[in-house]
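Trainee: Mind looking over this structure? Questions follow.
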Amino acid sequence: MIPIQILRCHIETDGVFHFGRSAGSAVRGALYTALTTMYDTQEDVGRNSLEDNPVAWLLRLEVDDDTVTGGKDVPRPMGIRPALSDKVSKIAFSLAFYGKAEKTISLVLSALPLMGELGIGRGRAQFRLVKVETVDPLTGNASLLIDEYGQTIGKLLTPPATKHYTTFARLLRDDRLRVNFLTPTRIIDRGNLCHVPDFRPWFQRLIERTRQISELYMEEAIWVPFGDLLTVAEDISMVEDETHWYEAKSGSRRDGMMKPISGFVGSVTYEGNFAPLLPYVLLGQALQV
């Protein structure tokens, strides 16, 4: 599986944070500004530009390469899980680093103080870093990495390997699955926007994303048995749908455009043969479909 490092950053402000309907964009924008201010070399960004311009490689990579699945529109080497609370004084957001993106962790951590000075969200709430935890992407277990004084007191966890995902999956029920979509999940399937969380479309996006990320950010791409997995996925039934549609747009500082980020949010229950699918579903929690 893809090596993943997850950092959970706990921050606090004297007032409250205001994120509105685009918390993820607020975190990404603030981090992008801080990293650009400190480290952007203005070198052209490309697939192999990690050493020349790590900021561009991390946050605005585009690939014009026919050998890469998906072409130009590829997933970034770092994923952001935003805070799910609003109008509070303490929050936590997570950063997931895929494959060789682990090399940029110290760079990102060093930019957090400036990110706090510049502020985040509506009104640019300034914040203090309370602590940083390193989180196991499979179990969710966390341990302290950086304390309230900014001292590094722990070390990064060893990412789980394929055998760990497979072993963990065997402990779970394999005929019924409940999924909670925490943030708006926007899936395009065969040219159409999915308004209901049917299993096969978002699972297909998950395994496509797995392949893309491994092609771009690992020394050797993961082999994914698409045909076999999708044959099983087609037979999965949705038996309980408690999702709703969340309408939102996100502004981009870089191109000055508003982009739709609407999608379904909430819980859904499926039934079927999940045994061959579960390792990928578990991986997907960190890859953020």
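Naming works like this for the structure tokens: A, B, ... for the chains as they're shown, residue 1 at the start of each chain, ligands 1 onward in shown order.
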Neighbours of A:Tyr149 within 10 Å (only C-alpha atoms; same-chain residues fewer than 5 positions away dropped), as a list in words?

Mentor: Leu129, Val130 and Lys131 of chain A

Trainee: Considering only C-alpha atoms, can you say which of A:Ala30, A:Ile236, A:Leu283, A:Val55 comes closest to A:Arg124?

Mentor: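 For A:Arg124, the nearest of the given residues is A:Ala30.
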
Trainee: Please report, as a PyMOL selection string, each residue of stretch 220-255 of chain A to which DSSP assigns alpha helix (DSSP H) when run on this structure's backbone.

Mentor: chain A and resi 226-234

Trainee: Considering only C-alpha atoms, return as a VMD selection string whatever protein or nucleic-acid residues lie within 12 Å of A:Leu287, sequence-local ones (same chain, fewer than 5 positions apart) excluded.

Mentor: chain A and resid 1 to 6 75 to 81 95 to 99 137 to 138 203 205 to 214 280 to 282

Trainee: Give me a file of those residues, with N, CA and C atoms, as a compact mmCIF listing (two decimals), in the first residue's frame.

Mentor:
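Listed below is the output, out.txt:
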```
# COMPACT_ATOMS: atom_id res chain seq x y z
N MET A 1 0.84 -1.20 0.00
CA MET A 1 0.00 0.00 0.00
C MET A 1 0.87 1.25 0.00
N ILE A 2 0.25 2.39 -0.13
CA ILE A 2 0.96 3.66 -0.18
C ILE A 2 1.42 4.06 1.22
N PRO A 3 2.70 4.37 1.41
CA PRO A 3 3.14 4.88 2.72
C PRO A 3 2.52 6.24 2.99
N ILE A 4 1.87 6.38 4.13
CA ILE A 4 1.17 7.63 4.47
C ILE A 4 1.60 8.08 5.85
N GLN A 5 1.96 9.36 5.95
CA GLN A 5 2.23 9.99 7.23
C GLN A 5 1.15 11.03 7.49
N ILE A 6 0.50 10.94 8.65
CA ILE A 6 -0.55 11.91 8.99
C ILE A 6 -0.14 12.69 10.24
N PRO A 75 -4.03 14.01 -8.23
CA PRO A 75 -4.10 14.35 -6.81
C PRO A 75 -2.79 14.92 -6.31
N ARG A 76 -2.86 15.81 -5.35
CA ARG A 76 -1.68 16.41 -4.76
C ARG A 76 -0.98 15.40 -3.85
N PRO A 77 0.32 15.61 -3.59
CA PRO A 77 1.05 14.70 -2.70
C PRO A 77 0.72 14.90 -1.22
N MET A 78 -0.06 15.93 -0.90
CA MET A 78 -0.47 16.17 0.48
C MET A 78 -1.98 16.40 0.52
N GLY A 79 -2.66 15.66 1.41
CA GLY A 79 -4.09 15.87 1.59
C GLY A 79 -4.35 16.62 2.89
N ILE A 80 -5.45 17.38 2.92
CA ILE A 80 -5.81 18.16 4.09
C ILE A 80 -7.17 17.72 4.60
N ARG A 81 -7.23 17.36 5.87
CA ARG A 81 -8.52 17.09 6.51
C ARG A 81 -8.83 18.27 7.41
N LEU A 95 -2.90 16.83 8.20
CA LEU A 95 -2.17 16.85 6.94
C LEU A 95 -1.68 15.45 6.65
N ALA A 96 -1.98 14.92 5.48
CA ALA A 96 -1.55 13.58 5.10
C ALA A 96 -0.52 13.69 3.98
N PHE A 97 0.63 13.07 4.17
CA PHE A 97 1.73 13.12 3.21
C PHE A 97 1.88 11.74 2.57
N TYR A 98 1.83 11.71 1.24
CA TYR A 98 1.82 10.46 0.50
C TYR A 98 3.20 10.15 -0.09
N GLY A 99 3.70 8.95 0.16
CA GLY A 99 4.95 8.51 -0.44
C GLY A 99 6.11 9.44 -0.12
N PRO A 137 -2.55 5.93 10.06
CA PRO A 137 -3.67 6.05 9.11
C PRO A 137 -4.62 4.86 9.11
N LEU A 138 -4.20 3.74 9.68
CA LEU A 138 -5.04 2.55 9.70
C LEU A 138 -5.89 2.48 10.96
N PHE A 203 -16.06 4.14 -4.93
CA PHE A 203 -15.00 3.15 -4.75
C PHE A 203 -14.08 3.13 -5.97
N ARG A 205 -13.44 5.68 -7.84
CA ARG A 205 -12.58 6.87 -7.69
C ARG A 205 -11.46 6.60 -6.69
N LEU A 206 -11.76 5.85 -5.66
CA LEU A 206 -10.77 5.52 -4.64
C LEU A 206 -9.61 4.71 -5.21
N ILE A 207 -9.92 3.67 -5.97
CA ILE A 207 -8.83 2.84 -6.49
C ILE A 207 -8.09 3.56 -7.63
N GLU A 208 -8.79 4.43 -8.36
CA GLU A 208 -8.09 5.25 -9.35
C GLU A 208 -7.10 6.19 -8.66
N ARG A 209 -7.54 6.77 -7.56
CA ARG A 209 -6.69 7.68 -6.79
C ARG A 209 -5.48 6.93 -6.20
N THR A 210 -5.73 5.70 -5.74
CA THR A 210 -4.64 4.88 -5.22
C THR A 210 -3.57 4.68 -6.29
N ARG A 211 -4.00 4.33 -7.49
CA ARG A 211 -3.07 4.11 -8.59
C ARG A 211 -2.33 5.40 -8.94
N GLN A 212 -3.06 6.51 -9.06
CA GLN A 212 -2.43 7.78 -9.42
C GLN A 212 -1.36 8.19 -8.42
N ILE A 213 -1.71 8.15 -7.14
CA ILE A 213 -0.77 8.58 -6.11
C ILE A 213 0.47 7.70 -6.10
N SER A 214 0.27 6.40 -6.29
CA SER A 214 1.43 5.51 -6.29
C SER A 214 2.32 5.76 -7.51
N TYR A 280 -8.77 -1.64 0.60
CA TYR A 280 -8.76 -0.38 -0.14
C TYR A 280 -9.66 0.67 0.52
N VAL A 281 -10.78 0.23 1.08
CA VAL A 281 -11.65 1.17 1.79
C VAL A 281 -10.91 1.74 3.00
N LEU A 282 -10.18 0.90 3.71
CA LEU A 282 -9.40 1.36 4.86
C LEU A 282 -8.33 2.36 4.43
```

Trainee: Find, counting only C-alpha atoms, the residue in A:Glu43, A:Glu234, A:Glu51, A:Glu247 that gets nearest to A:Gln204.

Mentor: A:Glu234

Trainee: So that I can see what lies close to stretch 197-200 of chain A, please list as a PDB file with N, CA, C and O atoms, in the first residue's frame the residues with an atom at most 12 Å from it, counting only C-alpha atoms and leaving out residues fewer than 5 positions away in the same chain.

Mentor:
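Result saved to result.pdb:
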```pdb
ATOM      1  N   LEU A 177     -21.298  -2.778   5.531  1.00  0.00           N
ATOM      2  CA  LEU A 177     -20.356  -1.671   5.708  1.00  0.00           C
ATOM      3  C   LEU A 177     -21.110  -0.357   5.893  1.00  0.00           C
ATOM      4  O   LEU A 177     -22.035  -0.045   5.139  1.00  0.00           O
ATOM      5  N   ARG A 178     -20.722   0.385   6.914  1.00  0.00           N
ATOM      6  CA  ARG A 178     -21.293   1.714   7.144  1.00  0.00           C
ATOM      7  C   ARG A 178     -20.195   2.748   6.958  1.00  0.00           C
ATOM      8  O   ARG A 178     -19.115   2.633   7.544  1.00  0.00           O
ATOM      9  N   VAL A 179     -20.468   3.730   6.136  1.00  0.00           N
ATOM     10  CA  VAL A 179     -19.491   4.768   5.802  1.00  0.00           C
ATOM     11  C   VAL A 179     -20.065   6.122   6.183  1.00  0.00           C
ATOM     12  O   VAL A 179     -21.249   6.399   5.934  1.00  0.00           O
ATOM     13  N   ASN A 180     -19.231   6.948   6.794  1.00  0.00           N
ATOM     14  CA  ASN A 180     -19.643   8.303   7.156  1.00  0.00           C
ATOM     15  C   ASN A 180     -18.817   9.292   6.334  1.00  0.00           C
ATOM     16  O   ASN A 180     -17.609   9.410   6.529  1.00  0.00           O
ATOM     17  N   PHE A 181     -19.450   9.993   5.410  1.00  0.00           N
ATOM     18  CA  PHE A 181     -18.783  11.013   4.609  1.00  0.00           C
ATOM     19  C   PHE A 181     -18.740  12.308   5.420  1.00  0.00           C
ATOM     20  O   PHE A 181     -19.757  12.968   5.624  1.00  0.00           O
ATOM     21  N   PRO A 184     -18.066  17.284   2.163  1.00  0.00           N
ATOM     22  CA  PRO A 184     -18.775  17.082   0.891  1.00  0.00           C
ATOM     23  C   PRO A 184     -17.980  16.217  -0.078  1.00  0.00           C
ATOM     24  O   PRO A 184     -16.835  16.520  -0.409  1.00  0.00           O
ATOM     25  N   THR A 185     -18.586  15.134  -0.508  1.00  0.00           N
ATOM     26  CA  THR A 185     -17.945  14.195  -1.424  1.00  0.00           C
ATOM     27  C   THR A 185     -18.556  14.380  -2.807  1.00  0.00           C
ATOM     28  O   THR A 185     -19.742  14.100  -3.021  1.00  0.00           O
ATOM     29  N   ARG A 186     -17.733  14.852  -3.719  1.00  0.00           N
ATOM     30  CA  ARG A 186     -18.208  15.206  -5.065  1.00  0.00           C
ATOM     31  C   ARG A 186     -17.633  14.197  -6.059  1.00  0.00           C
ATOM     32  O   ARG A 186     -16.429  14.165  -6.307  1.00  0.00           O
ATOM     33  N   ILE A 187     -18.497  13.370  -6.609  1.00  0.00           N
ATOM     34  CA  ILE A 187     -18.079  12.290  -7.494  1.00  0.00           C
ATOM     35  C   ILE A 187     -18.724  12.470  -8.868  1.00  0.00           C
ATOM     36  O   ILE A 187     -19.950  12.599  -8.983  1.00  0.00           O
ATOM     37  N   ILE A 188     -17.894  12.483  -9.899  1.00  0.00           N
ATOM     38  CA  ILE A 188     -18.372  12.492 -11.276  1.00  0.00           C
ATOM     39  C   ILE A 188     -18.226  11.072 -11.814  1.00  0.00           C
ATOM     40  O   ILE A 188     -17.135  10.502 -11.804  1.00  0.00           O
ATOM     41  N   ASP A 189     -19.321  10.509 -12.285  1.00  0.00           N
ATOM     42  CA  ASP A 189     -19.291   9.143 -12.796  1.00  0.00           C
ATOM     43  C   ASP A 189     -19.839   9.123 -14.215  1.00  0.00           C
ATOM     44  O   ASP A 189     -20.994   9.471 -14.448  1.00  0.00           O
ATOM     45  N   ARG A 190     -18.972   8.751 -15.164  1.00  0.00           N
ATOM     46  CA  ARG A 190     -19.366   8.669 -16.575  1.00  0.00           C
ATOM     47  C   ARG A 190     -19.984   9.971 -17.053  1.00  0.00           C
ATOM     48  O   ARG A 190     -21.002   9.999 -17.764  1.00  0.00           O
ATOM     49  N   ARG A 205     -13.436   5.680  -7.841  1.00  0.00           N
ATOM     50  CA  ARG A 205     -12.584   6.869  -7.694  1.00  0.00           C
ATOM     51  C   ARG A 205     -11.458   6.597  -6.693  1.00  0.00           C
ATOM     52  O   ARG A 205     -10.325   7.034  -6.872  1.00  0.00           O
ATOM     53  N   LEU A 206     -11.763   5.846  -5.657  1.00  0.00           N
ATOM     54  CA  LEU A 206     -10.771   5.522  -4.638  1.00  0.00           C
ATOM     55  C   LEU A 206      -9.613   4.714  -5.213  1.00  0.00           C
ATOM     56  O   LEU A 206      -8.444   5.019  -4.968  1.00  0.00           O
ATOM     57  N   ILE A 207      -9.920   3.665  -5.969  1.00  0.00           N
ATOM     58  CA  ILE A 207      -8.830   2.845  -6.494  1.00  0.00           C
ATOM     59  C   ILE A 207      -8.093   3.559  -7.633  1.00  0.00           C
ATOM     60  O   ILE A 207      -6.892   3.346  -7.827  1.00  0.00           O
ATOM     61  N   GLU A 208      -8.789   4.429  -8.363  1.00  0.00           N
ATOM     62  CA  GLU A 208      -8.091   5.252  -9.353  1.00  0.00           C
ATOM     63  C   GLU A 208      -7.104   6.190  -8.661  1.00  0.00           C
ATOM     64  O   GLU A 208      -5.976   6.389  -9.117  1.00  0.00           O
ATOM     65  N   PHE A 226      -8.128  -3.655 -11.079  1.00  0.00           N
ATOM     66  CA  PHE A 226      -9.338  -2.868 -11.301  1.00  0.00           C
ATOM     67  C   PHE A 226     -10.529  -3.741 -11.700  1.00  0.00           C
ATOM     68  O   PHE A 226     -11.623  -3.610 -11.143  1.00  0.00           O
ATOM     69  N   LEU A 229     -11.906  -5.939  -8.821  1.00  0.00           N
ATOM     70  CA  LEU A 229     -12.501  -5.146  -7.747  1.00  0.00           C
ATOM     71  C   LEU A 229     -13.818  -4.504  -8.178  1.00  0.00           C
ATOM     72  O   LEU A 229     -14.806  -4.501  -7.415  1.00  0.00           O
ATOM     73  N   LEU A 230     -13.863  -3.985  -9.394  1.00  0.00           N
ATOM     74  CA  LEU A 230     -15.078  -3.312  -9.846  1.00  0.00           C
ATOM     75  C   LEU A 230     -16.209  -4.306 -10.107  1.00  0.00           C
ATOM     76  O   LEU A 230     -17.389  -3.964  -9.942  1.00  0.00           O
ATOM     77  N   THR A 231     -15.864  -5.524 -10.491  1.00  0.00           N
ATOM     78  CA  THR A 231     -16.896  -6.548 -10.647  1.00  0.00           C
ATOM     79  C   THR A 231     -17.596  -6.821  -9.320  1.00  0.00           C
ATOM     80  O   THR A 231     -18.828  -6.930  -9.253  1.00  0.00           O
ATOM     81  N   VAL A 232     -16.816  -6.906  -8.249  1.00  0.00           N
ATOM     82  CA  VAL A 232     -17.386  -7.092  -6.912  1.00  0.00           C
ATOM     83  C   VAL A 232     -18.159  -5.841  -6.485  1.00  0.00           C
ATOM     84  O   VAL A 232     -19.262  -5.926  -5.926  1.00  0.00           O
ATOM     85  N   ALA A 233     -17.578  -4.665  -6.755  1.00  0.00           N
ATOM     86  CA  ALA A 233     -18.190  -3.404  -6.326  1.00  0.00           C
ATOM     87  C   ALA A 233     -19.554  -3.177  -6.978  1.00  0.00           C
ATOM     88  O   ALA A 233     -20.448  -2.578  -6.371  1.00  0.00           O
ATOM     89  N   GLU A 234     -19.731  -3.651  -8.203  1.00  0.00           N
ATOM     90  CA  GLU A 234     -21.012  -3.472  -8.903  1.00  0.00           C
ATOM     91  C   GLU A 234     -22.151  -4.168  -8.178  1.00  0.00           C
ATOM     92  O   GLU A 234     -23.310  -3.765  -8.286  1.00  0.00           O
ATOM     93  N   ASP A 235     -21.837  -5.218  -7.421  1.00  0.00           N
ATOM     94  CA  ASP A 235     -22.887  -5.991  -6.751  1.00  0.00           C
ATOM     95  C   ASP A 235     -23.172  -5.511  -5.330  1.00  0.00           C
ATOM     96  O   ASP A 235     -24.003  -6.112  -4.636  1.00  0.00           O
ATOM     97  N   ILE A 236     -22.490  -4.459  -4.886  1.00  0.00           N
ATOM     98  CA  ILE A 236     -22.752  -3.917  -3.553  1.00  0.00           C
ATOM     99  C   ILE A 236     -24.055  -3.126  -3.567  1.00  0.00           C
ATOM    100  O   ILE A 236     -24.280  -2.286  -4.444  1.00  0.00           O
ATOM    101  N   SER A 237     -24.906  -3.379  -2.584  1.00  0.00           N
ATOM    102  CA  SER A 237     -26.206  -2.702  -2.511  1.00  0.00           C
ATOM    103  C   SER A 237     -26.211  -1.659  -1.403  1.00  0.00           C
ATOM    104  O   SER A 237     -25.664  -1.881  -0.321  1.00  0.00           O
ATOM    105  N   MET A 238     -26.852  -0.529  -1.657  1.00  0.00           N
ATOM    106  CA  MET A 238     -27.055   0.484  -0.634  1.00  0.00           C
ATOM    107  C   MET A 238     -28.378   0.188   0.058  1.00  0.00           C
ATOM    108  O   MET A 238     -29.429   0.151  -0.588  1.00  0.00           O
ATOM    109  N   VAL A 239     -28.333  -0.026   1.374  1.00  0.00           N
ATOM    110  CA  VAL A 239     -29.542  -0.424   2.091  1.00  0.00           C
ATOM    111  C   VAL A 239     -30.070   0.664   3.018  1.00  0.00           C
ATOM    112  O   VAL A 239     -31.219   0.592   3.469  1.00  0.00           O
ATOM    113  N   GLU A 240     -29.249   1.650   3.312  1.00  0.00           N
ATOM    114  CA  GLU A 240     -29.698   2.744   4.183  1.00  0.00           C
ATOM    115  C   GLU A 240     -28.912   3.998   3.835  1.00  0.00           C
ATOM    116  O   GLU A 240     -27.688   4.003   3.897  1.00  0.00           O
ATOM    117  N   ASP A 241     -29.605   5.042   3.452  1.00  0.00           N
ATOM    118  CA  ASP A 241     -28.954   6.279   3.035  1.00  0.00           C
ATOM    119  C   ASP A 241     -29.405   7.430   3.930  1.00  0.00           C
ATOM    120  O   ASP A 241     -30.564   7.832   3.897  1.00  0.00           O
ATOM    121  N   GLU A 242     -28.493   7.928   4.749  1.00  0.00           N
ATOM    122  CA  GLU A 242     -28.779   9.060   5.628  1.00  0.00           C
ATOM    123  C   GLU A 242     -27.953  10.277   5.233  1.00  0.00           C
ATOM    124  O   GLU A 242     -27.658  11.137   6.059  1.00  0.00           O
ATOM    125  N   THR A 243     -27.578  10.348   3.967  1.00  0.00           N
ATOM    126  CA  THR A 243     -26.787  11.486   3.494  1.00  0.00           C
ATOM    127  C   THR A 243     -27.703  12.618   3.038  1.00  0.00           C
ATOM    128  O   THR A 243     -28.898  12.435   2.811  1.00  0.00           O
ATOM    129  N   HIS A 244     -27.124  13.790   2.920  1.00  0.00           N
ATOM    130  CA  HIS A 244     -27.821  14.931   2.338  1.00  0.00           C
ATOM    131  C   HIS A 244     -26.845  15.692   1.459  1.00  0.00           C
ATOM    132  O   HIS A 244     -25.627  15.539   1.574  1.00  0.00           O
ATOM    133  N   TRP A 245     -27.368  16.512   0.590  1.00  0.00           N
ATOM    134  CA  TRP A 245     -26.536  17.266  -0.343  1.00  0.00           C
ATOM    135  C   TRP A 245     -26.103  18.578   0.296  1.00  0.00           C
ATOM    136  O   TRP A 245     -26.908  19.303   0.852  1.00  0.00           O
ATOM    137  N   GLY A 263     -21.322  18.387  -2.487  1.00  0.00           N
ATOM    138  CA  GLY A 263     -21.305  16.930  -2.495  1.00  0.00           C
ATOM    139  C   GLY A 263     -22.190  16.375  -1.406  1.00  0.00           C
ATOM    140  O   GLY A 263     -22.819  17.113  -0.648  1.00  0.00           O
ATOM    141  N   PHE A 264     -22.257  15.040  -1.339  1.00  0.00           N
ATOM    142  CA  PHE A 264     -23.078  14.426  -0.304  1.00  0.00           C
ATOM    143  C   PHE A 264     -22.288  14.277   0.991  1.00  0.00           C
ATOM    144  O   PHE A 264     -21.077  14.066   0.996  1.00  0.00           O
ATOM    145  N   VAL A 265     -22.991  14.429   2.110  1.00  0.00           N
ATOM    146  CA  VAL A 265     -22.419  14.342   3.452  1.00  0.00           C
ATOM    147  C   VAL A 265     -23.346  13.470   4.297  1.00  0.00           C
ATOM    148  O   VAL A 265     -24.567  13.524   4.142  1.00  0.00           O
ATOM    149  N   GLY A 266     -22.770  12.682   5.203  1.00  0.00           N
ATOM    150  CA  GLY A 266     -23.574  11.884   6.101  1.00  0.00           C
ATOM    151  C   GLY A 266     -23.249  10.406   6.007  1.00  0.00           C
ATOM    152  O   GLY A 266     -22.244  10.002   5.415  1.00  0.00           O
ATOM    153  N   SER A 267     -24.102   9.585   6.604  1.00  0.00           N
ATOM    154  CA  SER A 267     -23.843   8.146   6.725  1.00  0.00           C
ATOM    155  C   SER A 267     -24.652   7.337   5.719  1.00  0.00           C
ATOM    156  O   SER A 267     -25.774   7.695   5.364  1.00  0.00           O
ATOM    157  N   VAL A 268     -24.061   6.224   5.312  1.00  0.00           N
ATOM    158  CA  VAL A 268     -24.738   5.308   4.397  1.00  0.00           C
ATOM    159  C   VAL A 268     -24.297   3.889   4.744  1.00  0.00           C
ATOM    160  O   VAL A 268     -23.164   3.659   5.167  1.00  0.00           O
ATOM    161  N   THR A 269     -25.216   2.938   4.572  1.00  0.00           N
ATOM    162  CA  THR A 269     -24.930   1.538   4.872  1.00  0.00           C
ATOM    163  C   THR A 269     -25.095   0.703   3.602  1.00  0.00           C
ATOM    164  O   THR A 269     -26.056   0.878   2.848  1.00  0.00           O
ATOM    165  N   TYR A 270     -24.126  -0.200   3.409  1.00  0.00           N
ATOM    166  CA  TYR A 270     -24.129  -1.073   2.234  1.00  0.00           C
ATOM    167  C   TYR A 270     -24.100  -2.534   2.682  1.00  0.00           C
ATOM    168  O   TYR A 270     -23.632  -2.857   3.772  1.00  0.00           O
ATOM    169  N   GLU A 271     -24.542  -3.408   1.776  1.00  0.00           N
ATOM    170  CA  GLU A 271     -24.432  -4.843   1.998  1.00  0.00           C
ATOM    171  C   GLU A 271     -23.863  -5.496   0.745  1.00  0.00           C
ATOM    172  O   GLU A 271     -24.099  -5.033  -0.376  1.00  0.00           O
ATOM    173  N   GLY A 272     -23.086  -6.570   0.952  1.00  0.00           N
ATOM    174  CA  GLY A 272     -22.481  -7.286  -0.162  1.00  0.00           C
ATOM    175  C   GLY A 272     -21.213  -7.986   0.281  1.00  0.00           C
ATOM    176  O   GLY A 272     -20.945  -8.125   1.481  1.00  0.00           O
ATOM    177  N   PHE A 274     -17.658  -7.659   0.885  1.00  0.00           N
ATOM    178  CA  PHE A 274     -16.632  -6.638   1.055  1.00  0.00           C
ATOM    179  C   PHE A 274     -15.229  -7.206   1.288  1.00  0.00           C
ATOM    180  O   PHE A 274     -14.266  -6.433   1.357  1.00  0.00           O
ATOM    181  N   LEU A 277     -12.542  -5.905  -0.895  1.00  0.00           N
ATOM    182  CA  LEU A 277     -12.586  -4.450  -1.033  1.00  0.00           C
ATOM    183  C   LEU A 277     -12.095  -3.705   0.208  1.00  0.00           C
ATOM    184  O   LEU A 277     -11.628  -2.570   0.113  1.00  0.00           O
ATOM    185  N   VAL A 281     -10.775   0.227   1.075  1.00  0.00           N
ATOM    186  CA  VAL A 281     -11.653   1.165   1.791  1.00  0.00           C
ATOM    187  C   VAL A 281     -10.914   1.742   2.996  1.00  0.00           C
ATOM    188  O   VAL A 281     -10.995   2.946   3.287  1.00  0.00           O
TER     189      VAL A 281
END
```

Trainee: Neighbours of A:Thr37 within 12 Å (only C-alpha atoms; same-chain residues fewer than 2 positions away dropped), as a list in words?

Mentor: Ala30, Leu31, Tyr32, Thr33, Ala34, Leu35, Tyr39, Asp40, Thr41, Gln42, Val55, Ala56, Ala111, Leu112, Leu114, Met115 and Leu118 of chain A

Trainee: So the first atom is atom CA of A:Ile146 and the second is atom CA of A:His18; what is the distance between them in Å, to one decimal place?

Mentor: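 These atoms are spaced 25.4 Å apart.
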
Trainee: May I ask which of the residues A:Leu58, A:Ala125, A:Leu193, A:Leu107 is the closest one to A:Met38, counting only C-alpha atoms?

Mentor: A:Leu107

Trainee: Pick the closest to A:Arg173 from A:Leu278, A:Ile11, A:Val27, A:Leu50: which is it, counting only C-alpha atoms?

Mentor: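 For A:Arg173, the nearest of the given residues is A:Leu278.
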